[in-house]
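The file work.pdb comes next; it holds PDB, C-alpha atoms and all ligand atoms.
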```
ATOM      1  CA  MET A   1      60.992  99.675 -26.740
ATOM      2  CA  LYS A   2      58.177  97.175 -26.094
ATOM      3  CA  ALA A   3      54.447  97.527 -25.482
ATOM      4  CA  LYS A   4      53.707  97.758 -21.756
ATOM      5  CA  ILE A   5      50.902  96.153 -19.752
ATOM      6  CA  LEU A   6      49.884  96.685 -16.154
ATOM      7  CA  CYS A   7      49.022  93.321 -14.609
ATOM      8  CA  SER A   8      47.763  91.771 -11.378
ATOM      9  CA  ALA A   9      50.873  90.415  -9.672
ATOM     10  CA  CYS A  10      49.323  87.016  -8.834
ATOM     11  CA  LEU A  11      49.063  86.194 -12.556
ATOM     12  CA  THR A  12      52.383  84.331 -12.970
ATOM     13  CA  PHE A  13      54.528  86.937 -11.222
ATOM     14  CA  CYS A  14      54.191  86.664  -7.455
ATOM     15  CA  ASN A  15      52.925  84.317  -4.734
ATOM     16  CA  CYS A  16      50.659  87.011  -3.379
ATOM     17  CA  ARG A  17      47.203  85.347  -3.328
ATOM     18  CA  TYR A  18      45.267  84.930  -0.098
ATOM     19  CA  ASP A  19      46.357  81.260   0.009
ATOM     20  CA  GLY A  20      49.993  82.068  -0.760
ATOM     21  CA  SER A  21      49.817  80.816  -4.349
ATOM     22  CA  VAL A  22      50.578  82.283  -7.754
ATOM     23  CA  LEU A  23      48.394  81.540 -10.797
ATOM     24  CA  SER A  24      49.716  80.126 -14.050
ATOM     25  CA  ASN A  25      48.558  81.837 -17.225
ATOM     26  CA  LYS A  26      49.530  80.647 -20.709
ATOM     27  CA  LEU A  27      48.705  83.905 -22.439
ATOM     28  CA  ILE A  28      50.829  86.036 -20.125
ATOM     29  CA  GLU A  29      53.733  83.572 -20.363
ATOM     30  CA  ALA A  30      53.461  83.676 -24.162
ATOM     31  CA  LEU A  31      53.449  87.486 -24.182
ATOM     32  CA  LYS A  32      56.445  87.976 -21.911
ATOM     33  CA  PRO A  33      59.061  88.112 -24.720
ATOM     34  CA  ASP A  34      57.139  90.922 -26.485
ATOM     35  CA  ILE A  35      55.628  92.917 -23.645
ATOM     36  CA  ASP A  36      57.010  94.736 -20.614
ATOM     37  CA  PHE A  37      54.807  93.939 -17.625
ATOM     38  CA  GLU A  38      54.458  96.152 -14.586
ATOM     39  CA  VAL A  39      52.728  94.327 -11.745
ATOM     40  CA  VAL A  40      50.729  95.375  -8.739
ATOM     41  CA  CYS A  41      49.064  93.549  -5.840
ATOM     42  CA  PRO A  42      46.809  96.089  -4.118
ATOM     43  CA  GLU A  43      46.073  93.765  -1.194
ATOM     44  CA  MET A  44      49.746  93.348  -0.374
ATOM     45  CA  ALA A  45      50.281  97.047  -1.055
ATOM     46  CA  ILE A  46      47.952  97.894   1.836
ATOM     47  CA  GLY A  47      50.072  95.733   4.118
ATOM     48  CA  LEU A  48      48.240  92.394   4.043
ATOM     49  CA  PRO A  49      50.481  89.309   4.145
ATOM     50  CA  SER A  50      50.329  86.222   1.914
ATOM     51  CA  PRO A  51      48.834  83.869   2.947
ATOM     52  CA  ARG A  52      46.038  85.897   4.567
ATOM     53  CA  GLU A  53      42.372  85.783   5.342
ATOM     54  CA  ALA A  54      40.322  86.043   2.132
ATOM     55  CA  ILE A  55      38.382  89.273   1.774
ATOM     56  CA  ARG A  56      34.989  89.973   0.238
ATOM     57  CA  ILE A  57      32.790  92.866  -0.789
ATOM     58  CA  VAL A  58      29.874  93.363   1.576
ATOM     59  CA  SER A  59      27.218  96.061   1.656
ATOM     60  CA  THR A  60      26.581  97.412   5.119
ATOM     61  CA  LYS A  61      24.154 100.277   5.612
ATOM     62  CA  GLY A  62      24.152 100.910   1.868
ATOM     63  CA  GLU A  63      27.923 101.259   1.716
ATOM     64  CA  LYS A  64      30.253  98.898  -0.169
ATOM     65  CA  LYS A  65      32.898  97.566   2.218
ATOM     66  CA  LEU A  66      35.930  95.324   1.838
ATOM     67  CA  LEU A  67      35.852  92.969   4.803
ATOM     68  CA  GLY A  68      37.776  89.946   6.051
ATOM     69  CA  SER A  69      35.652  86.854   5.269
ATOM     70  CA  TYR A  70      35.615  85.495   8.827
ATOM     71  CA  THR A  71      36.896  88.225  11.119
ATOM     72  CA  GLY A  72      35.035  91.045   9.363
ATOM     73  CA  VAL A  73      38.142  93.248   9.638
ATOM     74  CA  ASP A  74      37.444  96.337   7.546
ATOM     75  CA  HIS A  75      40.038  97.138   4.816
ATOM     76  CA  THR A  76      37.847  99.626   2.951
ATOM     77  CA  ASP A  77      39.549 102.892   3.888
ATOM     78  CA  GLN A  78      43.051 101.556   3.316
ATOM     79  CA  MET A  79      42.060 100.200  -0.086
ATOM     80  CA  HIS A  80      40.355 103.450  -1.124
ATOM     81  CA  ALA A  81      43.459 105.380  -0.075
ATOM     82  CA  PHE A  82      45.746 102.998  -1.984
ATOM     83  CA  VAL A  83      43.623 103.139  -5.150
ATOM     84  CA  GLU A  84      43.481 106.956  -5.126
ATOM     85  CA  ASN A  85      47.181 107.262  -4.536
ATOM     86  CA  TYR A  86      48.145 104.595  -7.065
ATOM     87  CA  ILE A  87      45.960 106.007  -9.828
ATOM     88  CA  GLU A  88      47.210 109.522  -9.190
ATOM     89  CA  GLN A  89      50.862 108.535  -9.591
ATOM     90  CA  LEU A  90      50.202 106.216 -12.533
ATOM     91  CA  ASP A  91      51.772 107.603 -15.695
ATOM     92  CA  LEU A  92      49.209 106.369 -18.190
ATOM     93  CA  SER A  93      51.254 107.538 -21.118
ATOM     94  CA  GLU A  94      53.574 104.577 -20.397
ATOM     95  CA  PHE A  95      50.939 101.823 -20.684
ATOM     96  CA  ASP A  96      49.172 100.107 -23.566
ATOM     97  CA  GLY A  97      46.763  97.847 -21.682
ATOM     98  CA  VAL A  98      45.813  96.247 -18.384
ATOM     99  CA  ILE A  99      45.229  92.569 -17.461
ATOM    100  CA  LEU A 100      43.608  91.958 -14.084
ATOM    101  CA  LYS A 101      42.676  88.874 -12.060
ATOM    102  CA  CYS A 102      39.031  88.054 -12.648
ATOM    103  CA  LYS A 103      36.389  87.944  -9.904
ATOM    104  CA  SER A 104      38.744  89.323  -7.250
ATOM    105  CA  PRO A 105      37.084  91.752  -4.788
ATOM    106  CA  THR A 106      40.098  93.967  -5.412
ATOM    107  CA  CYS A 107      41.287  93.453  -9.000
ATOM    108  CA  GLY A 108      38.083  92.178 -10.665
ATOM    109  CA  ILE A 109      36.492  94.421 -13.282
ATOM    110  CA  LYS A 110      33.107  92.623 -13.306
ATOM    111  CA  ASP A 111      31.326  89.535 -11.957
ATOM    112  CA  VAL A 112      32.758  90.005  -8.458
ATOM    113  CA  LYS A 113      30.534  88.567  -5.723
ATOM    114  CA  HIS A 114      28.848  91.301  -3.738
ATOM    115  CA  TYR A 115      27.303  90.135  -0.482
ATOM    116  CA  GLY A 116      24.380  91.667   1.296
ATOM    117  CA  SER A 117      25.633  90.686   4.726
ATOM    118  CA  ALA A 118      28.805  89.709   6.569
ATOM    119  CA  GLY A 119      29.355  86.548   8.643
ATOM    120  CA  LYS A 120      29.903  82.849   7.988
ATOM    121  CA  THR A 121      26.891  82.385   5.693
ATOM    122  CA  PRO A 122      26.685  85.678   3.846
ATOM    123  CA  MET A 123      23.836  86.393   1.492
ATOM    124  CA  LEU A 124      24.911  86.904  -2.137
ATOM    125  CA  GLN A 125      23.339  90.156  -3.298
ATOM    126  CA  THR A 126      24.609  90.779  -6.795
ATOM    127  CA  LYS A 127      27.747  91.012  -8.938
ATOM    128  CA  THR A 128      29.929  94.093  -8.983
ATOM    129  CA  SER A 129      33.463  95.260  -9.794
ATOM    130  CA  GLY A 130      36.483  95.099  -7.483
ATOM    131  CA  PHE A 131      37.737  98.153  -5.626
ATOM    132  CA  PHE A 132      40.859  98.539  -7.763
ATOM    133  CA  GLY A 133      39.764  97.031 -11.112
ATOM    134  CA  GLY A 134      36.452  98.871 -11.112
ATOM    135  CA  GLU A 135      38.094 102.215 -10.511
ATOM    136  CA  LEU A 136      40.749 101.693 -13.191
ATOM    137  CA  LYS A 137      38.083 100.743 -15.728
ATOM    138  CA  LYS A 138      35.950 103.756 -14.827
ATOM    139  CA  ARG A 139      38.725 106.313 -15.058
ATOM    140  CA  PHE A 140      40.907 105.076 -17.924
ATOM    141  CA  LYS A 141      38.652 104.773 -20.950
ATOM    142  CA  GLN A 142      41.593 105.304 -23.278
ATOM    143  CA  LEU A 143      43.205 102.017 -22.155
ATOM    144  CA  VAL A 144      41.977  98.507 -22.909
ATOM    145  CA  ILE A 145      41.406  96.765 -19.587
ATOM    146  CA  GLU A 146      40.505  93.075 -19.484
ATOM    147  CA  ASP A 147      40.423  90.311 -16.941
ATOM    148  CA  GLU A 148      42.302  87.072 -17.510
ATOM    149  CA  GLY A 149      39.053  85.074 -17.570
ATOM    150  CA  ARG A 150      37.612  86.989 -20.530
ATOM    151  CA  LEU A 151      40.915  86.689 -22.370
ATOM    152  CA  ASN A 152      40.321  82.932 -22.730
ATOM    153  CA  ASN A 153      37.803  83.867 -25.427
ATOM    154  CA  THR A 154      39.600  84.069 -28.794
ATOM    155  CA  GLU A 155      37.696  87.110 -30.097
ATOM    156  CA  ILE A 156      38.096  89.082 -26.873
ATOM    157  CA  ARG A 157      41.787  88.153 -26.717
ATOM    158  CA  ASN A 158      42.394  89.164 -30.338
ATOM    159  CA  HIS A 159      40.607  92.473 -29.788
ATOM    160  CA  PHE A 160      42.606  93.133 -26.627
ATOM    161  CA  LEU A 161      45.961  92.402 -28.252
ATOM    162  CA  THR A 162      45.030  94.351 -31.387
ATOM    163  CA  CYS A 163      44.223  97.385 -29.230
ATOM    164  CA  VAL A 164      47.363  96.981 -27.114
ATOM    165  CA  PHE A 165      49.573  97.057 -30.185
ATOM    166  CA  LEU A 166      47.559  99.845 -31.867
ATOM    167  CA  HIS A 167      47.966 101.896 -28.699
ATOM    168  CA  PHE A 168      51.670 101.081 -28.572
ATOM    169  CA  LYS A 169      52.245 102.099 -32.186
ATOM    170  CA  LEU A 170      50.354 105.345 -31.651
ATOM    171  CA  ARG A 171      52.407 105.998 -28.522
ATOM    172  CA  GLN A 172      55.557 105.635 -30.633
ATOM    173  CA  VAL A 173      54.222 108.240 -33.087
ATOM    174  CA  GLY A 174      54.380 110.741 -30.213
ATOM    175  CA  ASN A 175      58.183 110.240 -30.064
ATOM    176  CA  GLU A 176      58.772 110.770 -33.781
ATOM    177  CA  ARG A 177      60.496 113.841 -35.130
ATOM    178  CA  SER A 178      57.454 114.725 -37.230
ATOM    179  CA  ILE A 179      54.286 113.765 -35.401
ATOM    180  CA  ILE A 180      52.147 114.608 -38.410
ATOM    181  CA  ASP A 181      54.168 112.387 -40.783
ATOM    182  CA  GLY A 182      53.966 109.643 -38.158
ATOM    183  CA  LEU A 183      50.193 110.069 -37.844
ATOM    184  CA  VAL A 184      49.706 110.002 -41.635
ATOM    185  CA  GLN A 185      51.634 106.727 -41.799
ATOM    186  CA  PHE A 186      49.829 105.265 -38.763
ATOM    187  CA  HIS A 187      46.464 106.164 -40.265
ATOM    188  CA  SER A 188      47.392 104.674 -43.633
ATOM    189  CA  HIS A 189      48.778 101.360 -42.266
ATOM    190  CA  ASN A 190      45.834 100.839 -39.904
ATOM    191  CA  LYS A 191      43.096 101.983 -42.280
ATOM    192  CA  TYR A 192      41.400  98.610 -42.851
ATOM    193  CA  LEU A 193      41.870  97.484 -39.267
ATOM    194  CA  MET A 194      40.093 100.621 -38.017
ATOM    195  CA  MET A 195      37.454 100.318 -40.741
ATOM    196  CA  ALA A 196      36.647  96.821 -39.453
ATOM    197  CA  TYR A 197      36.087  98.194 -35.968
ATOM    198  CA  ASN A 198      34.381 101.512 -36.485
ATOM    199  CA  GLN A 199      33.874 103.213 -39.840
ATOM    200  CA  SER A 200      32.603 106.507 -38.525
ATOM    201  CA  ALA A 201      35.575 106.791 -36.159
ATOM    202  CA  LEU A 202      37.881 106.028 -39.101
ATOM    203  CA  LYS A 203      36.336 108.962 -41.006
ATOM    204  CA  LYS A 204      36.741 111.328 -38.051
ATOM    205  CA  LEU A 205      40.345 110.195 -37.560
ATOM    206  CA  GLY A 206      40.992 110.801 -41.268
ATOM    207  CA  LYS A 207      39.654 114.352 -40.957
ATOM    208  CA  ILE A 208      41.854 115.037 -37.934
ATOM    209  CA  VAL A 209      44.954 113.969 -39.888
ATOM    210  CA  ALA A 210      43.916 115.844 -43.037
ATOM    211  CA  ASN A 211      42.986 119.126 -41.340
ATOM    212  CA  HIS A 212      46.159 119.685 -39.368
ATOM    213  CA  ALA A 213      47.149 122.998 -40.974
ATOM    214  CA  HIS A 214      47.078 125.965 -38.547
ATOM    215  CA  LEU A 215      47.054 123.594 -35.554
ATOM    216  CA  LYS A 216      49.857 122.610 -33.240
ATOM    217  CA  ASP A 217      51.174 119.059 -33.850
ATOM    218  CA  GLU A 218      50.560 118.166 -30.181
ATOM    219  CA  ASP A 219      46.913 119.254 -30.450
ATOM    220  CA  VAL A 220      46.371 117.166 -33.589
ATOM    221  CA  TYR A 221      47.998 114.172 -31.864
ATOM    222  CA  ALA A 222      45.870 114.657 -28.731
ATOM    223  CA  ALA A 223      42.655 114.890 -30.797
ATOM    224  CA  TYR A 224      43.611 111.760 -32.730
ATOM    225  CA  LYS A 225      44.396 109.808 -29.533
ATOM    226  CA  ASN A 226      41.097 110.942 -28.090
ATOM    227  CA  GLU A 227      39.098 109.726 -31.087
ATOM    228  CA  MET A 228      40.909 106.376 -30.948
ATOM    229  CA  GLU A 229      38.841 105.543 -27.849
ATOM    230  CA  ALA A 230      35.978 104.795 -30.266
ATOM    231  CA  ILE A 231      38.174 102.130 -31.894
ATOM    232  CA  TYR A 232      39.368 100.566 -28.631
ATOM    233  CA  GLY A 233      35.801 100.498 -27.330
ATOM    234  CA  ALA A 234      34.330  98.896 -30.483
ATOM    235  CA  GLU A 235      33.702  95.212 -31.139
ATOM    236  CA  LEU A 236      34.329  93.269 -34.317
ATOM    237  CA  ARG A 237      30.836  92.428 -35.519
ATOM    238  CA  PRO A 238      29.698  90.916 -38.809
ATOM    239  CA  GLY A 239      27.977  93.683 -40.713
ATOM    240  CA  LYS A 240      30.431  96.331 -39.609
ATOM    241  CA  ASN A 241      33.479  94.498 -40.833
ATOM    242  CA  ILE A 242      31.959  92.868 -43.926
ATOM    243  CA  ASN A 243      32.167  96.270 -45.517
ATOM    244  CA  MET A 244      35.909  96.270 -44.855
ATOM    245  CA  LEU A 245      36.269  92.733 -46.274
ATOM    246  CA  LEU A 246      34.427  93.780 -49.448
ATOM    247  CA  HIS A 247      36.569  96.902 -49.772
ATOM    248  CA  VAL A 248      39.740  94.789 -49.730
ATOM    249  CA  TYR A 249      38.154  92.221 -52.056
ATOM    250  CA  GLY A 250      37.573  95.090 -54.505
ATOM    251  CA  TYR A 251      41.355  95.320 -55.079
ATOM    252  CA  PHE A 252      41.391  91.812 -56.595
ATOM    253  CA  LYS A 253      38.055  91.534 -58.358
ATOM    254  CA  LYS A 254      39.441  92.011 -61.845
ATOM    255  CA  ASP A 255      42.249  89.461 -61.286
ATOM    256  CA  LEU A 256      40.093  86.628 -59.894
ATOM    257  CA  ASN A 257      38.226  83.994 -61.841
ATOM    258  CA  GLU A 258      34.513  83.367 -61.378
ATOM    259  CA  PHE A 259      35.102  80.351 -59.095
ATOM    260  CA  GLU A 260      37.342  82.337 -56.756
ATOM    261  CA  LYS A 261      34.867  85.211 -56.652
ATOM    262  CA  SER A 262      31.900  83.021 -55.843
ATOM    263  CA  PHE A 263      33.938  81.086 -53.250
ATOM    264  CA  PHE A 264      34.813  84.352 -51.490
ATOM    265  CA  LEU A 265      31.256  85.710 -51.564
ATOM    266  CA  GLU A 266      30.032  82.366 -50.205
ATOM    267  CA  GLN A 267      32.494  82.671 -47.285
ATOM    268  CA  ILE A 268      31.102  86.146 -46.577
ATOM    269  CA  GLU A 269      27.568  84.717 -46.426
ATOM    270  CA  LEU A 270      28.745  81.933 -44.090
ATOM    271  CA  TYR A 271      30.528  84.460 -41.911
ATOM    272  CA  LYS A 272      27.341  86.559 -41.681
ATOM    273  CA  VAL A 273      25.489  83.611 -40.148
ATOM    274  CA  GLY A 274      28.401  82.534 -37.947
ATOM    275  CA  PHE A 275      29.482  79.378 -39.813
ATOM    276  CA  VAL A 276      32.994  80.617 -40.567
ATOM    277  CA  SER A 277      35.174  82.965 -38.548
ATOM    278  CA  PHE A 278      36.357  86.445 -39.433
ATOM    279  CA  GLU A 279      39.941  85.110 -39.502
ATOM    280  CA  THR A 280      38.999  82.517 -42.130
ATOM    281  CA  VAL A 281      37.659  85.158 -44.533
ATOM    282  CA  LEU A 282      40.616  87.394 -43.795
ATOM    283  CA  MET A 283      43.056  84.593 -44.634
ATOM    284  CA  VAL A 284      41.449  84.154 -48.053
ATOM    285  CA  LEU A 285      42.090  87.863 -48.685
ATOM    286  CA  LYS A 286      45.608  87.612 -47.302
ATOM    287  CA  SER A 287      46.416  84.790 -49.709
ATOM    288  CA  TRP A 288      45.478  87.153 -52.570
ATOM    289  CA  VAL A 289      47.498  90.004 -51.098
ATOM    290  CA  ILE A 290      50.521  87.685 -51.240
ATOM    291  CA  ARG A 291      49.673  86.198 -54.612
ATOM    292  CA  PHE A 292      49.142  89.565 -56.309
ATOM    293  CA  GLN A 293      51.930  91.268 -54.323
ATOM    294  CA  ASN A 294      49.819  94.290 -53.396
ATOM    295  CA  GLY A 295      52.376  96.463 -51.597
ATOM    296  CA  TYR A 296      49.791  98.807 -50.007
ATOM    297  CA  LEU A 297      47.742  95.954 -48.563
ATOM    298  CA  MET A 298      50.861  94.106 -47.401
ATOM    299  CA  GLU A 299      51.478  97.034 -45.036
ATOM    300  CA  GLN A 300      47.931  96.847 -43.607
ATOM    301  CA  THR A 301      47.880  95.786 -39.963
ATOM    302  CA  ILE A 302      44.524  94.045 -40.415
ATOM    303  CA  PHE A 303      46.626  91.178 -41.799
ATOM    304  CA  ASN A 304      49.212  91.381 -39.060
ATOM    305  CA  ALA A 305      47.796  93.013 -35.953
ATOM    306  CA  PHE A 306      50.450  91.627 -33.571
ATOM    307  CA  PRO A 307      54.197  91.775 -34.116
ATOM    308  CA  PHE A 308      54.486  88.004 -33.554
ATOM    309  CA  ASP A 309      52.938  84.748 -34.744
ATOM    310  CA  GLY A 310      49.373  84.607 -33.385
ATOM    311  CA  ASN A 311      49.605  80.791 -33.141
ATOM    312  CA  ARG A 312      51.907  81.225 -30.166
ATOM    313  CA  ILE A 313      49.035  82.495 -28.044
ATOM    314  CA  ARG A 314      46.393  79.993 -29.131
ATOM    315  CA  GLU A 315      45.017  77.658 -26.466
ATOM    316  CA  ASP A 316      46.030  73.989 -26.917
TER     317      ASP A 316
HETATM  318  S1  LIG B   1      43.813  89.526  -7.369
HETATM  319 FE1  LIG B   1      44.894  91.434  -7.111
HETATM  320  S2  LIG B   1      44.859  91.807  -4.928
HETATM  321 FE2  LIG B   1      44.348  89.647  -5.217
HETATM  322  S3  LIG B   1      46.284  88.581  -5.078
HETATM  323 FE3  LIG B   1      45.961  89.043  -7.216
HETATM  324  S4  LIG B   1      47.024  90.955  -7.520
HETATM  325 FE4  LIG B   1      46.755  90.721  -5.338
END
```

I need this file expressed as structure tokens, please.
Ligand code: SF4
Amino acid sequence: MKAKILCSACLTFCNCRYDGSVLSNKLIEALKPDIDFEVVCPEMAIGLPSPREAIRIVSTKGEKKLLGSYTGVDHTDQMHAFVENYIEQLDLSEFDGVILKCKSPTCGIKDVKHYGSAGKTPMLQTKTSGFFGGELKKRFKQLVIEDEGRLNNTEIRNHFLTCVFLHFKLRQVGNERSIIDGLVQFHSHNKYLMMAYNQSALKKLGKIVANHAHLKDEDVYAAYKNEMEAIYGAELRPGKNINMLLHVYGYFKKDLNEFEKSFFLEQIELYKVGFVSFETVLMVLKSWVIRFQNGYLMEQTIFNAFPFDGNRIRED
């Protein structure tokens, strides 16, 4: 079983763009061996051909419409009907994340051009979300949804992939013979990863796992999954995650010499002001996990958030 991502079909999979092309995408190509992709092209799903007239979002009489760029043909009702129908039949329990084409009037989740008038020289009004991407993002808060443009940013990409694989691992817990044992193990292995993202959510998750007596396993699992939204929705920020770094550092304090200690604390200070990355500080800690063979920390996903070598997905 692999993690599963819903993806815009024009991102490496299908020549379905308005100009008949398909887009290359290094990240998606790199992920293909480890992820099952399900693809969708809402514009083709409503019967538009490829190539076709480009469409745009236009406000007419206060209503957001999806219109042909030149002809002004109105695709709004068909797209609304498709989106409703598609979302209704979507079995969310099968997916771990969504990657959508950026800036598309259909798939875009933000920064989509929104015009104030139709015609050959339309007036740009503001930025909005696409008909499909915007609706997915609004309704499925428990899934990480990103556009391919934002995923070019290393931090956003790492957060996305971390959440995809966290979600996948938690989904697997639901198939285990003992859900509670699975949750206890999940919580333990992901403790420092979740602490880096959101400490108060980590505490609430811990309470859910600890206070499972007298409750049905399915209810405990549902409550845990629900609280995980606070982790998926969090961002890795210095300040929040320094606490986690210092916690892990605490395991080694007595085994390190004064030079190593001051080097580490100096890296923390540099990280606080943005001169070194989170990954750099983490790698210092990882080298000590290996050196001192700390079995508990070796299991921690903060040191191994993806089940493959992260270098494979780095930009050249
Ligand atoms: S952005 Fe969405 S609707 Fe447009 S071609 Fe790609 S998959 Fe189809």

Contacts to ligand LIG 1 (chain B) at 6 Å cut-off (only C-alpha atoms and all ligand atoms) as a short mmCIF file (atom, residue, chain, number, x, y, z; two decimals) with C-alpha atoms, keeping the file's coordinate frame:
```
data_model
loop_
_atom_site.label_atom_id
_atom_site.label_comp_id
_atom_site.auth_asym_id
_atom_site.auth_seq_id
_atom_site.Cartn_x
_atom_site.Cartn_y
_atom_site.Cartn_z
CA SER A 8 47.76 91.77 -11.38
CA ALA A 9 50.87 90.42 -9.67
CA CYS A 10 49.32 87.02 -8.83
CA CYS A 16 50.66 87.01 -3.38
CA ARG A 17 47.20 85.35 -3.33
CA VAL A 40 50.73 95.38 -8.74
CA CYS A 41 49.06 93.55 -5.84
CA PRO A 42 46.81 96.09 -4.12
CA GLU A 43 46.07 93.76 -1.19
CA LYS A 101 42.68 88.87 -12.06
CA SER A 104 38.74 89.32 -7.25
CA THR A 106 40.10 93.97 -5.41
CA CYS A 107 41.29 93.45 -9.00
#
```

Which is closest to Phe140 in chain A among A:Asn153, A:Ser277, A:Ser93, A:Thr121, if we use all atoms listed in the file?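 Looking only at the distances to Phe140 in chain A, the closest residue turns out to be A:Ser93.
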
Measuring atom to atom with only C-alpha atoms, identify which of A:Leu67, A:Val284, A:Cys7, A:Ile179 is nearest to Gly133 in chain A.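 Ranking A:Leu67, A:Val284, A:Cys7, A:Ile179 by distance to Gly133 in chain A, first place goes to A:Cys7.
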
Give as a list in words the residues that the PyMOL selection byres (((chain A and resi 297) around 10) and not hetatm) matches when applied to the coordinates above. His189, Lys191, Tyr192, Val248, Tyr251, Leu285, Lys286, Trp288, Val289, Ile290, Gln293, Asn294, Gly295, Tyr296, Met298, Glu299, Gln300, Thr301, Ile302 and Phe303 of chain A

How would the residues just chosen look if you wrote them out with C-alpha atoms as a PDB file, in the coordinates of the input?
```
ATOM      1  CA  HIS A 189      48.778 101.360 -42.266  1.00  0.00           C
ATOM      2  CA  LYS A 191      43.096 101.983 -42.280  1.00  0.00           C
ATOM      3  CA  TYR A 192      41.400  98.610 -42.851  1.00  0.00           C
ATOM      4  CA  VAL A 248      39.740  94.789 -49.730  1.00  0.00           C
ATOM      5  CA  TYR A 251      41.355  95.320 -55.079  1.00  0.00           C
ATOM      6  CA  LEU A 285      42.090  87.863 -48.685  1.00  0.00           C
ATOM      7  CA  LYS A 286      45.608  87.612 -47.302  1.00  0.00           C
ATOM      8  CA  TRP A 288      45.478  87.153 -52.570  1.00  0.00           C
ATOM      9  CA  VAL A 289      47.498  90.004 -51.098  1.00  0.00           C
ATOM     10  CA  ILE A 290      50.521  87.685 -51.240  1.00  0.00           C
ATOM     11  CA  GLN A 293      51.930  91.268 -54.323  1.00  0.00           C
ATOM     12  CA  ASN A 294      49.819  94.290 -53.396  1.00  0.00           C
ATOM     13  CA  GLY A 295      52.376  96.463 -51.597  1.00  0.00           C
ATOM     14  CA  TYR A 296      49.791  98.807 -50.007  1.00  0.00           C
ATOM     15  CA  MET A 298      50.861  94.106 -47.401  1.00  0.00           C
ATOM     16  CA  GLU A 299      51.478  97.034 -45.036  1.00  0.00           C
ATOM     17  CA  GLN A 300      47.931  96.847 -43.607  1.00  0.00           C
ATOM     18  CA  THR A 301      47.880  95.786 -39.963  1.00  0.00           C
ATOM     19  CA  ILE A 302      44.524  94.045 -40.415  1.00  0.00           C
ATOM     20  CA  PHE A 303      46.626  91.178 -41.799  1.00  0.00           C
TER      21      PHE A 303
END
```

Gap from CA of Tyr249 in chain A to CA of Asn190 in chain A - Å, one decimal: 16.8 Å

Give as a PyMOL selection string the residues that the PyMOL selection byres (((chain A and resi 193-204) around 7) and not hetatm) matches when applied to the coordinates above. chain A and resi 190-192+205-208+227+230-231+234-236+240-241+244+301-302

Hey, can you pull every residue with an atom no more than 10 Å from (45.7, 116.6, -33.6), using only C-alpha atoms, and send it as a short mmCIF file (atom, residue, chain, number, x, y, z; two decimals) with C-alpha atoms, in the coordinates of the input?
```cif
data_model
loop_
_atom_site.label_atom_id
_atom_site.label_comp_id
_atom_site.auth_asym_id
_atom_site.auth_seq_id
_atom_site.Cartn_x
_atom_site.Cartn_y
_atom_site.Cartn_z
CA ILE A 179 54.29 113.76 -35.40
CA ILE A 180 52.15 114.61 -38.41
CA LEU A 183 50.19 110.07 -37.84
CA LEU A 205 40.34 110.20 -37.56
CA LYS A 207 39.65 114.35 -40.96
CA ILE A 208 41.85 115.04 -37.93
CA VAL A 209 44.95 113.97 -39.89
CA ALA A 210 43.92 115.84 -43.04
CA ASN A 211 42.99 119.13 -41.34
CA HIS A 212 46.16 119.68 -39.37
CA ALA A 213 47.15 123.00 -40.97
CA LEU A 215 47.05 123.59 -35.55
CA LYS A 216 49.86 122.61 -33.24
CA ASP A 217 51.17 119.06 -33.85
CA GLU A 218 50.56 118.17 -30.18
CA ASP A 219 46.91 119.25 -30.45
CA VAL A 220 46.37 117.17 -33.59
CA TYR A 221 48.00 114.17 -31.86
CA ALA A 222 45.87 114.66 -28.73
CA ALA A 223 42.66 114.89 -30.80
CA TYR A 224 43.61 111.76 -32.73
CA LYS A 225 44.40 109.81 -29.53
CA ASN A 226 41.10 110.94 -28.09
CA GLU A 227 39.10 109.73 -31.09
#
```

Residues matched by the PyMOL selection byres (((chain A and resi 22) around 6) and not hetatm), written as a PyMOL selection string: chain A and resi 10+12+14-15+21+23

Mind pulling up the distance from CA of Val173 in chain A to CA of Leu246 in chain A? 29.5 Å

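Rounded to one decimal, CA of Val73 in chain A and CA of His114 in chain A lie 16.4 Å from each other.
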
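Using all atoms listed in the file for every distance, the candidate list A:Ile109, A:Ala45, A:Ile145, A:Val98 yields A:Ala45 as the residue closest to Ala81 in chain A.
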
For Glu88 in chain A, which of A:Arg139, A:Lys113, A:His75, A:Lys61 is the closest residue, counting all atoms listed in the file? A:Arg139

Nearby residues (all atoms listed in the file) at most 12 Å from range 54-56 of chain A, same-chain spacing under 4 positions excluded, as a VMD selection string: chain A and resid 16 to 20 43 48 to 50 64 to 76 79 103 to 108 112 to 120 122 to 124 127 to 131

Looking at only C-alpha atoms, which of A:Ala30, A:Met1, A:Met44, A:Met228 is the one that sits closest to Cys163 in chain A?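 Of A:Ala30, A:Met1, A:Met44, A:Met228, the one nearest Cys163 in chain A is A:Met228, counting only C-alpha atoms.
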
Using only C-alpha atoms, pick whichever of A:Gln142, A:Ser287, A:Gln125, A:Gln172 has the shortest atom-to-atom distance to Glu260 in chain A.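 Residue with the minimum atom-to-atom distance to Glu260 in chain A: A:Ser287.
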
From the block you just saw, export range 166-177 of chain A: C-alpha atoms, as a compact mmCIF listing (two decimals), in the first residue's frame.
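Contents of part11.txt, freshly written:
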```txt
# COMPACT_ATOMS: atom_id res chain seq x y z
CA LEU A 166 1.85 11.45 8.50
CA HIS A 167 -1.67 11.18 7.12
CA PHE A 168 -0.79 7.96 5.32
CA LYS A 169 0.70 6.37 8.43
CA LEU A 170 -2.34 7.36 10.48
CA ARG A 171 -4.60 5.93 7.78
CA GLN A 172 -2.74 2.62 8.11
CA VAL A 173 -3.38 2.64 11.88
CA GLY A 174 -7.09 2.42 11.05
CA ASN A 175 -6.46 -0.98 9.37
CA GLU A 176 -4.53 -2.47 12.29
CA ARG A 177 -5.94 -5.22 14.45
```
